[in-house]
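Shown next: target03.pdb, containing PDB, C-alpha atoms.
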```
ATOM      1  CA  MET L   1     -14.372   8.559 -13.228
ATOM      2  CA  GLU L   2     -11.533   6.052 -13.748
ATOM      3  CA  THR L   3     -10.567   3.377 -11.211
ATOM      4  CA  LYS L   4      -7.370   5.292 -10.374
ATOM      5  CA  ASP L   5      -9.446   8.343  -9.424
ATOM      6  CA  TYR L   6     -11.663   6.317  -7.088
ATOM      7  CA  LEU L   7      -8.574   4.819  -5.434
ATOM      8  CA  THR L   8      -6.832   8.174  -5.123
ATOM      9  CA  ASN L   9      -9.859   9.719  -3.425
ATOM     10  CA  TYR L  10     -10.154   6.740  -1.088
ATOM     11  CA  TYR L  11      -6.516   6.406  -0.027
ATOM     12  CA  GLU L  12      -5.987  10.137   0.448
ATOM     13  CA  SER L  13      -8.373   9.979   3.394
ATOM     14  CA  TYR L  14      -7.795   6.380   4.586
ATOM     15  CA  ASP L  15      -5.185   5.429   7.192
ATOM     16  CA  GLU L  16      -3.886   2.153   5.743
ATOM     17  CA  GLU L  17      -0.816   2.241   7.984
ATOM     18  CA  GLY L  18      -3.003   2.656  11.039
ATOM     19  CA  ARG L  19      -5.211  -0.263   9.992
ATOM     20  CA  LEU L  20      -2.284  -2.684   9.970
ATOM     21  CA  LEU L  21      -0.998  -1.293  13.279
ATOM     22  CA  SER L  22      -4.344  -1.667  15.077
ATOM     23  CA  ARG L  23      -4.657  -4.756  17.229
ATOM     24  CA  HIS L  24      -7.182  -6.414  14.900
ATOM     25  CA  GLY L  25      -5.198  -5.266  11.828
ATOM     26  CA  ARG L  26      -2.001  -6.729  13.228
ATOM     27  CA  VAL L  27      -3.490 -10.213  12.853
ATOM     28  CA  GLU L  28      -3.412  -9.841   9.057
ATOM     29  CA  TYR L  29       0.061  -8.275   9.155
ATOM     30  CA  VAL L  30       1.576 -10.875  11.517
ATOM     31  CA  THR L  31       0.084 -13.734   9.487
ATOM     32  CA  THR L  32       1.307 -12.364   6.159
ATOM     33  CA  MET L  33       4.802 -11.744   7.534
ATOM     34  CA  LYS L  34       4.939 -15.253   8.974
ATOM     35  CA  TYR L  35       4.405 -16.749   5.527
ATOM     36  CA  ILE L  36       6.746 -14.286   3.817
ATOM     37  CA  GLU L  37       9.503 -15.149   6.294
ATOM     38  CA  LYS L  38       8.900 -18.851   5.660
ATOM     39  CA  TYR L  39      10.259 -18.406   2.124
ATOM     40  CA  LEU L  40      12.868 -15.684   2.624
ATOM     41  CA  ARG L  41      16.525 -16.613   2.124
ATOM     42  CA  PRO L  42      19.643 -14.430   2.419
ATOM     43  CA  GLY L  43      20.318 -12.325  -0.669
ATOM     44  CA  MET L  44      16.810 -12.562  -2.085
ATOM     45  CA  ARG L  45      15.389  -9.724  -4.180
ATOM     46  CA  VAL L  46      11.803  -8.744  -3.457
ATOM     47  CA  LEU L  47       9.265  -6.822  -5.525
ATOM     48  CA  GLU L  48       6.136  -5.445  -3.890
ATOM     49  CA  ILE L  49       3.413  -4.443  -6.356
ATOM     50  CA  GLY L  50       0.812  -2.097  -4.905
ATOM     51  CA  ALA L  51       2.987  -1.338  -1.889
ATOM     52  CA  ALA L  52       0.696   1.388  -0.449
ATOM     53  CA  THR L  53       2.584   3.207   2.330
ATOM     54  CA  GLY L  54       5.262   0.511   2.497
ATOM     55  CA  ARG L  55       4.450  -1.419   5.673
ATOM     56  CA  TYR L  56       5.783  -4.676   4.206
ATOM     57  CA  SER L  57       8.458  -3.186   1.947
ATOM     58  CA  HIS L  58      10.081  -1.260   4.787
ATOM     59  CA  ALA L  59       9.896  -4.213   7.182
ATOM     60  CA  LEU L  60      11.746  -6.413   4.672
ATOM     61  CA  ALA L  61      14.250  -3.726   3.677
ATOM     62  CA  GLN L  62      15.082  -3.150   7.338
ATOM     63  CA  LYS L  63      15.876  -6.873   7.563
ATOM     64  CA  GLY L  64      18.452  -6.327   4.807
ATOM     65  CA  TYR L  65      16.553  -7.529   1.736
ATOM     66  CA  ARG L  66      16.719  -5.537  -1.497
ATOM     67  CA  VAL L  67      13.164  -4.386  -2.145
ATOM     68  CA  ASP L  68      11.709  -2.628  -5.163
ATOM     69  CA  ALA L  69       8.180  -1.295  -4.752
ATOM     70  CA  VAL L  70       5.510  -0.177  -7.203
ATOM     71  CA  GLU L  71       2.516   1.938  -6.191
ATOM     72  CA  LEU L  72      -0.249   3.585  -8.223
ATOM     73  CA  VAL L  73      -1.477   6.296  -5.832
ATOM     74  CA  ALA L  74       0.764   9.373  -5.482
ATOM     75  CA  HIS L  75      -0.410  10.052  -1.908
ATOM     76  CA  ASN L  76       0.725   6.583  -0.835
ATOM     77  CA  ILE L  77       4.093   7.090  -2.536
ATOM     78  CA  GLU L  78       4.618  10.307  -0.567
ATOM     79  CA  LEU L  79       3.910   8.454   2.699
ATOM     80  CA  PHE L  80       6.123   5.568   1.568
ATOM     81  CA  ARG L  81       9.040   7.977   1.127
ATOM     82  CA  GLN L  82       8.364   9.641   4.469
ATOM     83  CA  ASN L  83       8.487   6.220   6.133
ATOM     84  CA  THR L  84      11.806   5.296   4.531
ATOM     85  CA  VAL L  85      14.726   5.020   6.955
ATOM     86  CA  GLU L  86      18.082   6.298   5.732
ATOM     87  CA  GLY L  87      20.125   3.486   4.233
ATOM     88  CA  GLU L  88      17.208   1.147   3.560
ATOM     89  CA  PRO L  89      17.815  -0.910   0.367
ATOM     90  CA  VAL L  90      14.396   0.037  -1.032
ATOM     91  CA  THR L  91      13.102   1.850  -4.121
ATOM     92  CA  ILE L  92       9.618   3.114  -4.952
ATOM     93  CA  THR L  93       8.237   3.678  -8.457
ATOM     94  CA  GLN L  94       4.820   4.906  -9.542
ATOM     95  CA  GLY L  95       3.235   2.262 -11.742
ATOM     96  CA  ASN L  96       0.334  -0.007 -12.545
ATOM     97  CA  ALA L  97       0.156  -3.681 -11.579
ATOM     98  CA  MET L  98      -1.119  -4.540 -15.063
ATOM     99  CA  ASP L  99       1.950  -3.102 -16.806
ATOM    100  CA  LEU L 100       5.360  -3.733 -15.267
ATOM    101  CA  SER L 101       7.223  -3.149 -18.528
ATOM    102  CA  GLY L 102       9.902  -1.234 -16.631
ATOM    103  CA  PHE L 103      10.890  -4.462 -14.854
ATOM    104  CA  GLU L 104      12.738  -7.344 -16.484
ATOM    105  CA  SER L 105      11.374 -10.875 -16.605
ATOM    106  CA  ASP L 106      12.675 -13.573 -14.230
ATOM    107  CA  THR L 107      14.243 -11.050 -11.838
ATOM    108  CA  TYR L 108      12.748 -11.401  -8.364
ATOM    109  CA  ASP L 109      12.916 -14.265  -5.881
ATOM    110  CA  MET L 110       9.732 -13.122  -4.178
ATOM    111  CA  THR L 111       6.891 -10.998  -5.549
ATOM    112  CA  LEU L 112       4.198  -9.524  -3.323
ATOM    113  CA  LEU L 113       0.843  -8.616  -4.855
ATOM    114  CA  LEU L 114      -0.860  -7.647  -1.616
ATOM    115  CA  GLY L 115      -3.268  -4.968  -2.809
ATOM    116  CA  PRO L 116      -3.931  -4.742  -6.558
ATOM    117  CA  MET L 117      -6.310  -7.715  -6.765
ATOM    118  CA  TYR L 118      -8.605  -5.856  -4.340
ATOM    119  CA  HIS L 119      -9.200  -3.159  -6.947
ATOM    120  CA  LEU L 120      -9.355  -4.958 -10.315
ATOM    121  CA  PHE L 121     -12.817  -5.775 -11.608
ATOM    122  CA  ALA L 122     -12.480  -7.061 -15.188
ATOM    123  CA  GLN L 123     -11.240 -10.631 -15.640
ATOM    124  CA  GLU L 124      -8.711  -9.512 -18.233
ATOM    125  CA  ASP L 125      -7.271  -6.929 -15.828
ATOM    126  CA  LYS L 126      -6.954  -9.561 -13.107
ATOM    127  CA  ARG L 127      -5.164 -11.900 -15.522
ATOM    128  CA  LYS L 128      -2.795  -9.095 -16.594
ATOM    129  CA  ALA L 129      -1.841  -8.325 -13.001
ATOM    130  CA  LEU L 130      -1.189 -11.972 -12.156
ATOM    131  CA  SER L 131       0.651 -12.498 -15.436
ATOM    132  CA  GLU L 132       2.945  -9.533 -14.812
ATOM    133  CA  ALA L 133       3.676 -10.608 -11.228
ATOM    134  CA  ILE L 134       4.583 -14.085 -12.452
ATOM    135  CA  ARG L 135       6.615 -12.775 -15.392
ATOM    136  CA  VAL L 136       8.986 -10.716 -13.248
ATOM    137  CA  THR L 137       9.461 -13.598 -10.787
ATOM    138  CA  ARG L 138      12.292 -16.067 -11.277
ATOM    139  CA  ARG L 139      11.511 -19.729 -11.880
ATOM    140  CA  GLY L 140      11.250 -21.297  -8.455
ATOM    141  CA  GLY L 141      10.374 -17.919  -6.976
ATOM    142  CA  VAL L 142       7.285 -17.378  -4.849
ATOM    143  CA  VAL L 143       4.327 -15.051  -5.471
ATOM    144  CA  PHE L 144       1.967 -13.846  -2.749
ATOM    145  CA  ALA L 145      -1.429 -12.600  -4.007
ATOM    146  CA  ALA L 146      -3.993 -11.152  -1.574
ATOM    147  CA  TYR L 147      -7.765 -11.041  -2.056
ATOM    148  CA  CYS L 148     -10.896  -9.698  -0.327
ATOM    149  CA  MET L 149     -13.570 -12.297   0.300
ATOM    150  CA  GLY L 150     -17.246 -11.820  -0.514
ATOM    151  CA  ASP L 151     -18.959 -13.986   2.087
ATOM    152  CA  ALA L 152     -17.150 -12.270   4.963
ATOM    153  CA  CYS L 153     -18.487  -8.931   3.718
ATOM    154  CA  VAL L 154     -22.030 -10.284   3.294
ATOM    155  CA  LEU L 155     -21.954 -11.447   6.901
ATOM    156  CA  SER L 156     -20.239  -8.473   8.554
ATOM    157  CA  TYR L 157     -21.352  -5.488   6.462
ATOM    158  CA  GLY L 158     -24.582  -6.987   5.170
ATOM    159  CA  PHE L 159     -26.191  -8.884   8.026
ATOM    160  CA  LYS L 160     -24.277  -7.755  11.119
ATOM    161  CA  GLY L 161     -24.033  -4.159   9.902
ATOM    162  CA  GLY L 162     -27.658  -4.040   8.790
ATOM    163  CA  GLU L 163     -26.845  -3.047   5.185
ATOM    164  CA  ILE L 164     -28.025  -6.217   3.459
ATOM    165  CA  TYR L 165     -31.102  -4.629   1.814
ATOM    166  CA  SER L 166     -29.030  -1.705   0.584
ATOM    167  CA  VAL L 167     -26.545  -4.163  -0.940
ATOM    168  CA  ILE L 168     -29.378  -6.001  -2.703
ATOM    169  CA  GLU L 169     -30.888  -2.746  -4.014
ATOM    170  CA  LYS L 170     -27.514  -1.816  -5.515
ATOM    171  CA  CYS L 171     -27.526  -5.151  -7.411
ATOM    172  CA  MET L 172     -24.375  -6.260  -5.601
ATOM    173  CA  LEU L 173     -25.764  -9.588  -4.427
ATOM    174  CA  ASP L 174     -27.494 -12.596  -5.985
ATOM    175  CA  THR L 175     -30.078 -13.581  -3.372
ATOM    176  CA  GLU L 176     -30.179 -17.184  -4.611
ATOM    177  CA  THR L 177     -26.439 -18.000  -4.616
ATOM    178  CA  PHE L 178     -25.323 -14.991  -2.498
ATOM    179  CA  GLU L 179     -22.547 -14.333  -4.984
ATOM    180  CA  THR L 180     -21.314 -10.738  -4.779
ATOM    181  CA  PHE L 181     -20.826  -8.232  -7.606
ATOM    182  CA  SER L 182     -18.609  -5.128  -7.471
ATOM    183  CA  HIS L 183     -17.811  -2.144  -9.680
ATOM    184  CA  PRO L 184     -14.930   0.367  -9.628
ATOM    185  CA  TRP L 185     -16.986   2.843  -7.586
ATOM    186  CA  ASP L 186     -17.432   0.138  -4.938
ATOM    187  CA  LEU L 187     -13.606   0.191  -4.598
ATOM    188  CA  PHE L 188     -13.208  -3.455  -3.606
ATOM    189  CA  GLU L 189     -13.628  -6.569  -5.726
ATOM    190  CA  LEU L 190     -14.874  -9.564  -3.739
ATOM    191  CA  TYR L 191     -14.005 -13.207  -4.344
ATOM    192  CA  ARG L 192     -14.787 -16.758  -3.394
ATOM    193  CA  LYS L 193     -12.037 -19.335  -3.237
ATOM    194  CA  GLU L 194     -13.162 -20.962  -6.483
ATOM    195  CA  ASP L 195     -12.714 -17.609  -8.282
ATOM    196  CA  ILE L 196      -9.115 -17.414  -7.067
ATOM    197  CA  ASP L 197      -8.426 -21.051  -7.985
ATOM    198  CA  HIS L 198      -9.791 -20.382 -11.467
ATOM    199  CA  LEU L 199      -7.508 -17.385 -11.973
ATOM    200  CA  ARG L 200      -4.402 -19.205 -10.776
ATOM    201  CA  ALA L 201      -5.112 -22.290 -12.909
ATOM    202  CA  GLU L 202      -4.292 -20.351 -16.090
ATOM    203  CA  PHE L 203      -0.618 -20.006 -15.159
ATOM    204  CA  PRO L 204       2.394 -22.356 -14.809
ATOM    205  CA  VAL L 205       2.496 -22.241 -11.021
ATOM    206  CA  THR L 206       2.115 -24.599  -8.072
ATOM    207  CA  GLN L 207       0.048 -23.536  -5.089
ATOM    208  CA  LEU L 208       1.879 -23.717  -1.764
ATOM    209  CA  HIS L 209      -0.669 -22.277   0.688
ATOM    210  CA  PHE L 210      -4.087 -20.662   0.805
ATOM    211  CA  VAL L 211      -4.321 -18.634   4.001
ATOM    212  CA  ALA L 212      -7.105 -16.836   5.854
ATOM    213  CA  THR L 213      -4.921 -13.896   6.857
ATOM    214  CA  ASP L 214      -7.340 -12.392   9.371
ATOM    215  CA  GLY L 215      -9.696 -15.337   9.823
ATOM    216  CA  TYR L 216     -12.679 -14.436  11.996
ATOM    217  CA  THR L 217     -10.931 -11.349  13.415
ATOM    218  CA  ASN L 218     -12.881  -8.625  11.621
ATOM    219  CA  HIS L 219     -16.180 -10.101  12.716
ATOM    220  CA  MET L 220     -15.098  -9.549  16.342
ATOM    221  CA  ARG L 221     -12.694  -6.626  15.989
ATOM    222  CA  GLU L 222     -14.000  -4.801  19.087
ATOM    223  CA  THR L 223     -13.437  -7.935  21.171
ATOM    224  CA  VAL L 224      -9.938  -8.409  19.744
ATOM    225  CA  ASP L 225      -9.010  -4.760  20.323
ATOM    226  CA  GLN L 226     -10.082  -5.016  23.974
ATOM    227  CA  MET L 227      -8.133  -8.218  24.772
ATOM    228  CA  ASP L 228      -5.313  -7.963  27.286
ATOM    229  CA  GLU L 229      -1.879  -8.930  26.005
ATOM    230  CA  ARG L 230      -2.024 -12.498  27.343
ATOM    231  CA  MET L 231      -5.352 -13.255  25.690
ATOM    232  CA  TYR L 232      -4.321 -11.502  22.470
ATOM    233  CA  GLU L 233      -1.186 -13.642  22.195
ATOM    234  CA  LEU L 234      -3.313 -16.749  22.768
ATOM    235  CA  TYR L 235      -5.749 -15.570  20.089
ATOM    236  CA  LEU L 236      -2.878 -15.056  17.629
ATOM    237  CA  LYS L 237      -1.616 -18.550  18.419
ATOM    238  CA  TYR L 238      -5.085 -19.983  17.771
ATOM    239  CA  HIS L 239      -5.487 -18.028  14.537
ATOM    240  CA  LEU L 240      -2.118 -19.137  13.171
ATOM    241  CA  ALA L 241      -2.976 -22.751  14.014
ATOM    242  CA  VAL L 242      -6.204 -22.710  11.971
ATOM    243  CA  CYS L 243      -5.601 -20.103   9.231
ATOM    244  CA  GLU L 244      -5.071 -22.752   6.524
ATOM    245  CA  ARG L 245      -8.112 -24.833   7.432
ATOM    246  CA  GLN L 246     -10.200 -24.814   4.282
ATOM    247  CA  ASP L 247     -13.458 -25.102   6.210
ATOM    248  CA  MET L 248     -12.775 -21.653   7.689
ATOM    249  CA  VAL L 249     -11.184 -19.527   4.974
ATOM    250  CA  GLY L 250     -14.462 -18.166   3.602
ATOM    251  CA  TYR L 251     -15.110 -16.328   6.870
ATOM    252  CA  SER L 252     -11.895 -14.328   6.476
ATOM    253  CA  HIS L 253     -12.093 -10.808   5.053
ATOM    254  CA  HIS L 254      -8.615 -11.202   3.513
ATOM    255  CA  THR L 255      -6.923 -14.256   2.083
ATOM    256  CA  LEU L 256      -3.467 -14.946   0.718
ATOM    257  CA  ASP L 257      -2.787 -17.234  -2.237
ATOM    258  CA  ILE L 258       0.857 -18.331  -2.216
ATOM    259  CA  PHE L 259       2.355 -20.152  -5.206
ATOM    260  CA  ARG L 260       5.638 -21.045  -6.841
ATOM    261  CA  LYS L 261       6.537 -20.178 -10.434
ATOM    262  CA  GLU L 262       7.499 -23.322 -12.358
TER     263      GLU L 262
END
```

Structure rendered as structure tokens:
Amino acid sequence: METKDYLTNYYESYDEEGRLLSRHGRVEYVTTMKYIEKYLRPGMRVLEIGAATGRYSHALAQKGYRVDAVELVAHNIELFRQNTVEGEPVTITQGNAMDLSGFESDTYDMTLLLGPMYHLFAQEDKRKALSEAIRVTRRGGVVFAAYCMGDACVLSYGFKGGEIYSVIEKCMLDTETFETFSHPWDLFELYRKEDIDHLRAEFPVTQLHFVATDGYTNHMRETVDQMDERMYELYLKYHLAVCERQDMVGYSHHTLDIFRKE
């Protein structure tokens, strides 16, 4: 079975929109939008690669930005179109993050790669996706690349969830270094910060931020979901104050690498 088939089967039954709308999922969404808005300027063109159901694309289009979106999974594209409001300046195209040949170089002011790096397992495929995102971005433009982190999964799914021995039996974990290993049938590739730094170092870019987009949230999602509004707002304020602290990013399930094309 090819990677696309695994992803299609997964996303046809997974509520990605609902995840980002849940109280714990909103932490990732609010944090990502905060950093996107930090670099938005009037008249900017935005490309979202791996747009899923369009949570970010639609939010930006409804603010008046011209957004082009690319998505691999047909089911997600159908939901993306259903979520489109009449008059939104947004397009959606089926395509692969590793081949954006239908898009011209040096075109977009902001490029969002918020999903594809979760599902690429070969180093060459990861380089192709980053290379394509950078290619279509104008010089001085900003790229946002999201990743799933390995240590957060070892802690939450492995130890807290009681699956650590199963993970070891599947040869997904080095029990000396606790480095994680994934395959297409595992659906998600897992990283450490040094892996992400190594990938980025191959390209003519300057890092602007490295952000723990959900921080410790997923380790305490039940607690977060049960907070009253006052406490939840205080928790969001705390999270946003510490989400770039490098001593804490490894605990985050999702991170965001933000860099400028030189």

Reference answer for the PyMOL selection byres ((chain L and resi 85) around 12), as number ranges by chain: L: 54, 57-59, 61-63, 80-84, 86-91

Expected file: the selected residues, C-alpha atoms, as a PDB file, keeping the file's coordinate frame:
```pdb
ATOM      1  CA  GLY L  54       5.262   0.511   2.497  1.00  0.00           C
ATOM      2  CA  SER L  57       8.458  -3.186   1.947  1.00  0.00           C
ATOM      3  CA  HIS L  58      10.081  -1.260   4.787  1.00  0.00           C
ATOM      4  CA  ALA L  59       9.896  -4.213   7.182  1.00  0.00           C
ATOM      5  CA  ALA L  61      14.250  -3.726   3.677  1.00  0.00           C
ATOM      6  CA  GLN L  62      15.082  -3.150   7.338  1.00  0.00           C
ATOM      7  CA  LYS L  63      15.876  -6.873   7.563  1.00  0.00           C
ATOM      8  CA  PHE L  80       6.123   5.568   1.568  1.00  0.00           C
ATOM      9  CA  ARG L  81       9.040   7.977   1.127  1.00  0.00           C
ATOM     10  CA  GLN L  82       8.364   9.641   4.469  1.00  0.00           C
ATOM     11  CA  ASN L  83       8.487   6.220   6.133  1.00  0.00           C
ATOM     12  CA  THR L  84      11.806   5.296   4.531  1.00  0.00           C
ATOM     13  CA  GLU L  86      18.082   6.298   5.732  1.00  0.00           C
ATOM     14  CA  GLY L  87      20.125   3.486   4.233  1.00  0.00           C
ATOM     15  CA  GLU L  88      17.208   1.147   3.560  1.00  0.00           C
ATOM     16  CA  PRO L  89      17.815  -0.910   0.367  1.00  0.00           C
ATOM     17  CA  VAL L  90      14.396   0.037  -1.032  1.00  0.00           C
ATOM     18  CA  THR L  91      13.102   1.850  -4.121  1.00  0.00           C
TER      19      THR L  91
END
```

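Relative to atom CA of L:Asp68, atom CA of L:Ile92 is found at 6.1 Å.
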
Determine, for each residue of stretch 20-87 of chain L having at least one atom at most 12 Å from an atom of stretch 208-224 of chain L, the closest pair of atoms and their separation in Å to one decimal, counting only C-alpha atoms; order by chain and ascending number, as a tab-separated table.
```
residue	atom	partner	partner_atom	distance
L:Leu20	CA	L:Asp214	CA	11.0
L:Ser22	CA	L:Arg221	CA	9.8
L:Arg23	CA	L:Val224	CA	6.9
L:His24	CA	L:Arg221	CA	5.6
L:Gly25	CA	L:Asp214	CA	7.8
L:Arg26	CA	L:Asp214	CA	8.7
L:Val27	CA	L:Asp214	CA	5.6
L:Glu28	CA	L:Asp214	CA	4.7
L:Tyr29	CA	L:Thr213	CA	7.9
L:Val30	CA	L:Thr213	CA	8.5
L:Thr31	CA	L:Thr213	CA	5.7
L:Thr32	CA	L:Thr213	CA	6.5
L:Met33	CA	L:Thr213	CA	10.0
L:Lys34	CA	L:Thr213	CA	10.2
L:Tyr35	CA	L:His209	CA	8.9
L:Ile36	CA	L:His209	CA	11.3
L:Lys38	CA	L:His209	CA	11.3
L:Tyr39	CA	L:Leu208	CA	10.7
```

Which residues fall under the PyMOL selection byres ((chain L and resi 135) around 9) in this file, as a short mmCIF file (atom, residue, chain, number, x, y, z; two decimals) with C-alpha atoms, in the frame of the given file?
```
data_model
loop_
_atom_site.label_atom_id
_atom_site.label_comp_id
_atom_site.auth_asym_id
_atom_site.auth_seq_id
_atom_site.Cartn_x
_atom_site.Cartn_y
_atom_site.Cartn_z
CA GLU L 104 12.74 -7.34 -16.48
CA SER L 105 11.37 -10.88 -16.60
CA ASP L 106 12.68 -13.57 -14.23
CA THR L 107 14.24 -11.05 -11.84
CA LEU L 130 -1.19 -11.97 -12.16
CA SER L 131 0.65 -12.50 -15.44
CA GLU L 132 2.94 -9.53 -14.81
CA ALA L 133 3.68 -10.61 -11.23
CA ILE L 134 4.58 -14.08 -12.45
CA VAL L 136 8.99 -10.72 -13.25
CA THR L 137 9.46 -13.60 -10.79
CA ARG L 138 12.29 -16.07 -11.28
CA LYS L 261 6.54 -20.18 -10.43
#
```

Polymer residues at most 10 Å from stretch 197-200 of chain L, only C-alpha atoms, same-chain spacing of 4 or more positions, as a ChimeraX atom specification: /L:123,126-127,130-131,145,192-193,204-207,210,257,259

Counting all atoms listed in the file, the option among L:Ile164, L:Ala241, L:Cys148, L:Val143 closest to L:Thr255: L:Cys148

Distance query L:Met172 at most 8 Å, only C-alpha atoms, self and fewer than 3 positions along chain excluded, as JSON, numbers by chain: {"L": [167, 168, 169, 180, 181, 182]}

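Closest approach to L:Val46 among L:Gln94, L:Thr111, L:Ser101, L:Ser252 is made by L:Thr111 (distances from all atoms listed in the file).
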
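For the pair atom CA of L:Ala129 and atom CA of L:Cys243, the separation is 25.4 Å.
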